[in-house]
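A.B. asks: I have a structure I would like to understand better, so I am pasting it below and will then ask my questions one at a time.
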Amino acid sequence: MAKRLVDIDPEKILIRSTNWIGDAIMTTPAVRTIRENFPKAEITLLALPWVADVFSASPHVDHIFLYQKNGHHAGFSGRLRLAGDLRNQHFDATILLQNAFEAALITALAGIPVRAGYTTDGRGLLLTHGIKLPRERKKVHQVHYYQGLLQDLGLTPGKDSLYLNLSAQDRTWARDFLATNGDAERPVIGFNPGAAYGPAKRWPAESFAELAREVVNQIGGRVFVFGTDADRDTAKQIIGAAGGHVFDVTGRTTLAQAMALIESCRVFVTNDSGLMHVSAALGTPTAAIFGSTNPVTTGPYSDSSRIIRKEISCSPCLKTHCKTDFRCMTEISSSEVADQIRDLLRSGGQEATS
């Protein structure tokens, strides 16, 4: 069974995106690799609505097809409807960056003749170009995980650097927003206190609050708190601690607008989360706080980033909830994070250690 996609040279390619913002960011080098190997192909990205903005201004895809999993494509009948919609597009090949069985099943039902991806989740029989996941690839950064798939399919990997393009409209919006919120003389420091995976990935809200007080009163910055509606209580706590110069944008922007604001930050302080990878992709100096997860595989892929973590025997445990004492996070003090902010402000991230 042939496994080299380059020998097929498809004219219409469907890429199945991953489902989370951070994972999608880490696939951007792979998406660029696909474009570089098939420069004349018409490339469509199938993505869930909440990750679509990662690629909305990308020159590496021609179209974005929204997988309305909670709407038009909900339930079993919706999945069949999606397969029918894809069938009508007459794709020559699909490359599945998303690893689930469902991704392969839908494209098989859509009748796409060439279906390539890792043979994870028991979907090997549904793929025409299945790649067995090498054990050692689970231990490398996710950027290399996706690039490795394409190399195994016969493509020539391009640069590993993350890629994120923003529209002029969103950049203008961010510039205007910052001009009307706070003292322009104060450097913008972004805080991202949330993380969707679970509380084990979140530095305590009290620590973010202490850090905000130091950023405002000693560093002289203004703080913008990012996140979803679920992070608003934490944002209130941070605002209350700092006593001014803190602005809550949780759940108040589109993803594209949030990305434009992050690009404008002098430093971005974050848990291991999707917005951490946004910051890395934009080259914003990033202070990334790690506890339960592994920075080797999911850390910010950027020379302008710093990893802040403690060498605890049980870390990384990769668990959503800590069942012991949460030392991996509670032993990280606000003062040491503040020191990293000061250093990043001085260096612009150019002397990052991760």
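Ordering of the structure tokens sets the chain letters (A, B, ...); residue numbers start at 1 within each chain; ligands are numbered from 1 in the order shown.
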Identify, on the basis of only C-alpha atoms, every residue whose closest approach to stretch 259-268 of chain A does not exceed 9 Å; exclude the query and any residue fewer than 6 positions from it along the same chain; express the result as number ranges by chain.
C.D. replies: A: 54, 166-167, 170-175, 177-178, 187-192, 224, 226, 275-276, 278-279, 282-288, 341, 344-345, 348-349
A.B. asks: Just the residues within 12 Å of A:Thr320, please, counting only C-alpha atoms, with nothing from its chain fewer than 5 positions along; format it as a list in words.
C.D. replies: Ala195, Ala196, Tyr197, Gly198, Pro199, Ala200, Lys201, Arg202, Gly291, Ser292, Thr293 and Phe326 of chain A
A.B. asks: Quick check, in Å to one decimal: how far apart do atom CA of A:Asp160 and atom CA of A:Ala30 lie?
C.D. replies: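 That distance, rounded to one decimal, is 7.9 Å.
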A.B. asks: Have a look at atom CA of A:Cys314 and atom CA of A:Gly22 and let me know their distance in Å, one decimal.
C.D. replies: 24.1 Å
A.B. asks: Of the residues A:Ala338, A:Ala57, A:Leu5, A:Leu66, which is the one nearest to A:Gly130, using only C-alpha atoms?
C.D. replies: A:Leu5
A.B. asks: Skipping near chain neighbours, those fewer than 6 positions away, what residues fall within 8 Å of stretch 145-159 of chain A using only C-alpha atoms, listed as a list of chain:residue names?
C.D. replies: A:Lys3, A:Arg4, A:Leu5, A:Val6, A:Thr27, A:Pro29, A:Ala30, A:Arg32, A:Thr33, A:Ile34, A:Glu36, A:Asn37, A:Leu97, A:Ala116, A:Gly117, A:Tyr118, A:His129, A:Ile131, A:Arg137, A:Lys138
A.B. asks: If you run DSSP on the backbone here, which positions in stretch 121-228 of chain A get strand (DSSP E)? Please write them as a list in words.
C.D. replies: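 For stretch 121-228 of chain A, the strand (DSSP E) set is His129, Gly130, Ile131, Val188, Ile189, Gly190, Phe191, Asn192, Arg222, Val223, Phe224 and Val225 of chain A.
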A.B. asks: Output N, CA, C and O atoms for every residue in the selection just made, as a compact mmCIF listing (two decimals), in the first residue's frame.
C.D. replies:
# COMPACT_ATOMS: atom_id res chain seq x y z
N HIS A 129 -3.74 5.77 3.59
CA HIS A 129 -2.34 6.08 3.83
C HIS A 129 -2.16 6.26 5.34
O HIS A 129 -2.04 7.37 5.85
N GLY A 130 -2.18 5.12 6.03
CA GLY A 130 -2.07 5.14 7.48
C GLY A 130 -0.63 5.07 7.94
O GLY A 130 0.17 4.30 7.40
N ILE A 131 -0.30 5.88 8.93
CA ILE A 131 1.05 5.91 9.50
C ILE A 131 0.97 5.47 10.95
O ILE A 131 0.25 6.08 11.76
N VAL A 188 2.00 47.02 28.59
CA VAL A 188 0.86 46.10 28.68
C VAL A 188 1.38 44.71 29.04
O VAL A 188 2.19 44.12 28.32
N ILE A 189 0.89 44.19 30.16
CA ILE A 189 1.24 42.84 30.60
C ILE A 189 -0.04 41.99 30.55
O ILE A 189 -1.03 42.32 31.20
N GLY A 190 -0.02 40.95 29.76
CA GLY A 190 -1.19 40.07 29.66
C GLY A 190 -1.14 38.97 30.70
O GLY A 190 -0.07 38.40 30.96
N PHE A 191 -2.28 38.68 31.31
CA PHE A 191 -2.44 37.56 32.23
C PHE A 191 -3.44 36.58 31.62
O PHE A 191 -4.50 36.99 31.17
N ASN A 192 -3.09 35.31 31.65
CA ASN A 192 -4.03 34.28 31.21
C ASN A 192 -4.16 33.24 32.32
O ASN A 192 -3.43 32.25 32.33
N ARG A 222 0.35 47.94 33.19
CA ARG A 222 -1.11 47.78 33.24
C ARG A 222 -1.41 46.36 32.79
O ARG A 222 -0.77 45.85 31.85
N VAL A 223 -2.36 45.73 33.44
CA VAL A 223 -2.62 44.31 33.26
C VAL A 223 -3.93 44.11 32.51
O VAL A 223 -4.95 44.73 32.85
N PHE A 224 -3.90 43.25 31.50
CA PHE A 224 -5.11 42.84 30.80
C PHE A 224 -5.30 41.34 31.05
O PHE A 224 -4.40 40.55 30.77
N VAL A 225 -6.46 40.99 31.61
CA VAL A 225 -6.73 39.61 31.98
C VAL A 225 -7.54 38.95 30.86
O VAL A 225 -8.65 39.38 30.53
A.B. asks: Given only C-alpha atoms as the basis, pick out the residue of A:His63, A:Glu311, A:Pro193, A:Thr119 nearest to A:Asp231.
C.D. replies: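 That would be A:Pro193, the residue with the smallest distance to A:Asp231.
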A.B. asks: One number please: atom CA of A:Arg87 to atom CA of A:Ala108, in Å, one decimal.
C.D. replies: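 We find that atom CA of A:Arg87 and atom CA of A:Ala108 lie 9.5 Å from each other.
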A.B. asks: Check stretch 31-221 of chain A with DSSP on the backbone and list each residue it calls alpha helix (DSSP H), as an MDAnalysis selection string.
C.D. replies: chainID A and resid 31:37 75:87 101:109 142:152 168:179 205:214
A.B. asks: Can you pull out every residue within 8 Å of A:Pro49, counting only C-alpha atoms, but drop anything in the same chain fewer than 4 positions away, and send it as JSON, numbers by chain?
C.D. replies: {"A": [53, 66, 67, 68]}
A.B. asks: Next, dump the selected residues to file, keeping only N, CA, C and O atoms, as a compact mmCIF listing (two decimals), in the first residue's frame.
C.D. replies:
# COMPACT_ATOMS: atom_id res chain seq x y z
N ASP A 53 -10.45 30.93 13.75
CA ASP A 53 -9.71 32.20 13.66
C ASP A 53 -8.20 31.99 13.60
O ASP A 53 -7.47 32.89 13.17
N LEU A 66 -16.48 25.06 8.20
CA LEU A 66 -16.80 24.96 9.62
C LEU A 66 -17.55 23.67 9.93
O LEU A 66 -18.58 23.37 9.31
N TYR A 67 -17.03 22.94 10.89
CA TYR A 67 -17.68 21.75 11.41
C TYR A 67 -18.56 22.21 12.56
O TYR A 67 -18.10 22.41 13.68
N GLN A 68 -19.85 22.37 12.29
CA GLN A 68 -20.80 22.90 13.27
C GLN A 68 -21.29 21.75 14.16
O GLN A 68 -22.44 21.33 14.09
A.B. asks: Considering only C-alpha atoms, return as a list in words whatever protein or nucleic-acid residues lie within 12 Å of A:Phe101, sequence-local ones (same chain, fewer than 5 positions apart) excluded.
C.D. replies: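 Once the nearby chain positions are removed, what remains is Leu96, Ile106, Thr107, Ala108, Gly117, Tyr118, Thr119, Thr120, Asp121, Gly122, Arg123, Gly124, Leu125, Leu126 and Leu127 of chain A.
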A.B. asks: Write out, as a compact mmCIF listing (two decimals), in the first residue's frame, the residues just selected, with all heavy atoms.
C.D. replies:
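New file part_35.txt:
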# COMPACT_ATOMS: atom_id res chain seq x y z
N LEU A 96 -5.43 14.05 7.89
CA LEU A 96 -6.08 14.15 9.19
C LEU A 96 -5.05 14.49 10.26
O LEU A 96 -4.32 13.62 10.72
CB LEU A 96 -6.79 12.84 9.52
CG LEU A 96 -7.79 12.33 8.47
CD1 LEU A 96 -8.37 10.99 8.89
CD2 LEU A 96 -8.90 13.35 8.23
N ILE A 106 -15.76 10.08 9.07
CA ILE A 106 -16.49 11.09 8.30
C ILE A 106 -15.90 11.24 6.90
O ILE A 106 -16.64 11.31 5.90
CB ILE A 106 -16.50 12.44 9.05
CG1 ILE A 106 -17.42 12.35 10.27
CG2 ILE A 106 -16.95 13.58 8.13
CD1 ILE A 106 -17.37 13.56 11.18
N THR A 107 -14.58 11.27 6.80
CA THR A 107 -13.97 11.42 5.47
C THR A 107 -14.12 10.17 4.63
O THR A 107 -14.21 10.25 3.39
CB THR A 107 -12.49 11.82 5.60
OG1 THR A 107 -11.81 10.88 6.44
CG2 THR A 107 -12.35 13.21 6.19
N ALA A 108 -14.20 9.01 5.27
CA ALA A 108 -14.47 7.78 4.52
C ALA A 108 -15.91 7.79 4.00
O ALA A 108 -16.15 7.44 2.83
CB ALA A 108 -14.24 6.55 5.41
N GLY A 117 -3.25 9.77 7.67
CA GLY A 117 -3.15 10.19 9.05
C GLY A 117 -2.52 9.09 9.89
O GLY A 117 -2.21 8.00 9.39
N TYR A 118 -2.35 9.37 11.17
CA TYR A 118 -1.87 8.36 12.09
C TYR A 118 -2.96 7.30 12.30
O TYR A 118 -4.15 7.61 12.33
CB TYR A 118 -1.52 8.98 13.44
CG TYR A 118 -0.20 9.73 13.47
CD1 TYR A 118 -0.14 11.05 13.90
CD2 TYR A 118 1.00 9.10 13.12
CE1 TYR A 118 1.07 11.74 13.96
CE2 TYR A 118 2.20 9.77 13.18
CZ TYR A 118 2.23 11.10 13.59
OH TYR A 118 3.43 11.76 13.65
N THR A 119 -2.54 6.06 12.49
CA THR A 119 -3.50 4.96 12.71
C THR A 119 -3.87 4.85 14.19
O THR A 119 -3.95 3.76 14.74
CB THR A 119 -2.90 3.63 12.22
OG1 THR A 119 -1.67 3.39 12.92
CG2 THR A 119 -2.65 3.64 10.72
N THR A 120 -4.11 5.99 14.82
CA THR A 120 -4.51 6.03 16.22
C THR A 120 -6.00 5.78 16.36
O THR A 120 -6.76 5.85 15.39
CB THR A 120 -4.17 7.40 16.82
OG1 THR A 120 -4.71 8.43 15.97
CG2 THR A 120 -2.66 7.60 16.92
N ASP A 121 -6.44 5.48 17.56
CA ASP A 121 -7.86 5.34 17.89
C ASP A 121 -8.54 4.25 17.07
O ASP A 121 -9.74 4.33 16.78
CB ASP A 121 -8.57 6.69 17.69
CG ASP A 121 -9.78 6.85 18.60
OD1 ASP A 121 -9.79 6.24 19.68
OD2 ASP A 121 -10.72 7.57 18.22
N GLY A 122 -7.78 3.23 16.66
CA GLY A 122 -8.36 2.10 15.96
C GLY A 122 -8.91 2.39 14.58
O GLY A 122 -9.78 1.68 14.08
N ARG A 123 -8.37 3.41 13.92
CA ARG A 123 -8.97 3.83 12.64
C ARG A 123 -8.15 3.41 11.42
O ARG A 123 -8.40 3.88 10.32
CB ARG A 123 -9.14 5.34 12.63
CG ARG A 123 -7.82 6.12 12.70
CD ARG A 123 -8.06 7.60 12.83
NE ARG A 123 -6.82 8.36 12.65
CZ ARG A 123 -6.78 9.68 12.55
NH1 ARG A 123 -7.88 10.38 12.64
NH2 ARG A 123 -5.63 10.29 12.37
N GLY A 124 -7.17 2.54 11.63
CA GLY A 124 -6.27 2.17 10.55
C GLY A 124 -6.96 1.68 9.30
O GLY A 124 -6.56 2.02 8.18
N LEU A 125 -8.02 0.87 9.45
CA LEU A 125 -8.70 0.32 8.28
C LEU A 125 -9.44 1.37 7.47
O LEU A 125 -9.79 1.14 6.30
CB LEU A 125 -9.68 -0.77 8.72
CG LEU A 125 -9.04 -2.05 9.28
CD1 LEU A 125 -10.11 -3.02 9.76
CD2 LEU A 125 -8.15 -2.71 8.23
N LEU A 126 -9.69 2.54 8.07
CA LEU A 126 -10.39 3.61 7.36
C LEU A 126 -9.45 4.50 6.56
O LEU A 126 -9.90 5.34 5.80
CB LEU A 126 -11.18 4.47 8.35
CG LEU A 126 -12.34 3.77 9.09
CD1 LEU A 126 -12.90 4.69 10.16
CD2 LEU A 126 -13.42 3.38 8.10
N LEU A 127 -8.14 4.31 6.75
CA LEU A 127 -7.16 5.16 6.09
C LEU A 127 -6.52 4.42 4.92
O LEU A 127 -6.20 3.24 5.01
CB LEU A 127 -6.06 5.56 7.08
CG LEU A 127 -6.52 6.32 8.32
CD1 LEU A 127 -5.34 6.57 9.25
CD2 LEU A 127 -7.18 7.64 7.95
A.B. asks: Find the residues near A:Phe290: any atom within 8 Å, counting only C-alpha atoms, skip ones fewer than 5 places away on the same chain, and give them as a list in words.
C.D. replies: Lys201, Asn271, Asp272, Pro295, Ile307, Ile308, Arg309, Cys328 and Met329 of chain A
A.B. asks: Mind dumping the selected residues with N, CA, C and O atoms as a CSV table (one decimal), in the first residue's frame?
C.D. replies:
chain,number,residue,atom,x,y,z
A,201,LYS,N,-3.7,22.5,35.9
A,201,LYS,CA,-2.8,23.3,35.0
A,201,LYS,C,-2.8,24.8,35.4
A,201,LYS,O,-2.1,25.6,34.8
A,271,ASN,N,-0.8,30.2,32.0
A,271,ASN,CA,-0.7,28.8,32.2
A,271,ASN,C,-0.5,28.1,30.9
A,271,ASN,O,-0.6,28.7,29.8
A,272,ASP,N,-0.3,26.8,30.9
A,272,ASP,CA,-0.2,25.9,29.7
A,272,ASP,C,-1.6,25.9,29.1
A,272,ASP,O,-2.5,25.2,29.6
A,295,PRO,N,6.4,20.5,29.6
A,295,PRO,CA,6.8,21.6,28.6
A,295,PRO,C,7.7,21.0,27.5
A,295,PRO,O,7.8,21.7,26.4
A,307,ILE,N,10.0,29.1,30.6
A,307,ILE,CA,9.3,28.1,31.3
A,307,ILE,C,9.5,28.3,32.8
A,307,ILE,O,10.7,28.4,33.3
A,308,ILE,N,8.4,28.5,33.6
A,308,ILE,CA,8.5,28.6,35.0
A,308,ILE,C,7.9,27.4,35.7
A,308,ILE,O,6.7,27.2,35.5
A,309,ARG,N,8.7,26.5,36.3
A,309,ARG,CA,8.2,25.3,36.9
A,309,ARG,C,9.1,24.9,38.0
A,309,ARG,O,10.2,25.3,38.1
A,328,CYS,N,3.5,21.6,42.8
A,328,CYS,CA,4.1,22.0,41.6
A,328,CYS,C,3.7,23.4,41.2
A,328,CYS,O,4.4,24.1,40.5
A,329,MET,N,2.5,23.9,41.7
A,329,MET,CA,2.1,25.2,41.4
A,329,MET,C,2.2,26.1,42.6
A,329,MET,O,2.7,27.3,42.5
A.B. asks: Considering only C-alpha atoms, can you say which of A:Val249, A:Tyr163, A:Asn99, A:Gln257 comes closest to A:Leu133?
C.D. replies: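 Of the candidates, the smallest distance to A:Leu133 is held by A:Asn99.
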A.B. asks: Taking into account only C-alpha atoms, which residue in the set A:Ala209, A:Leu109, A:Leu14, A:Ile25 is nearest to A:Ile95?
C.D. replies: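 Of all the options, A:Leu14 lies closest to A:Ile95.
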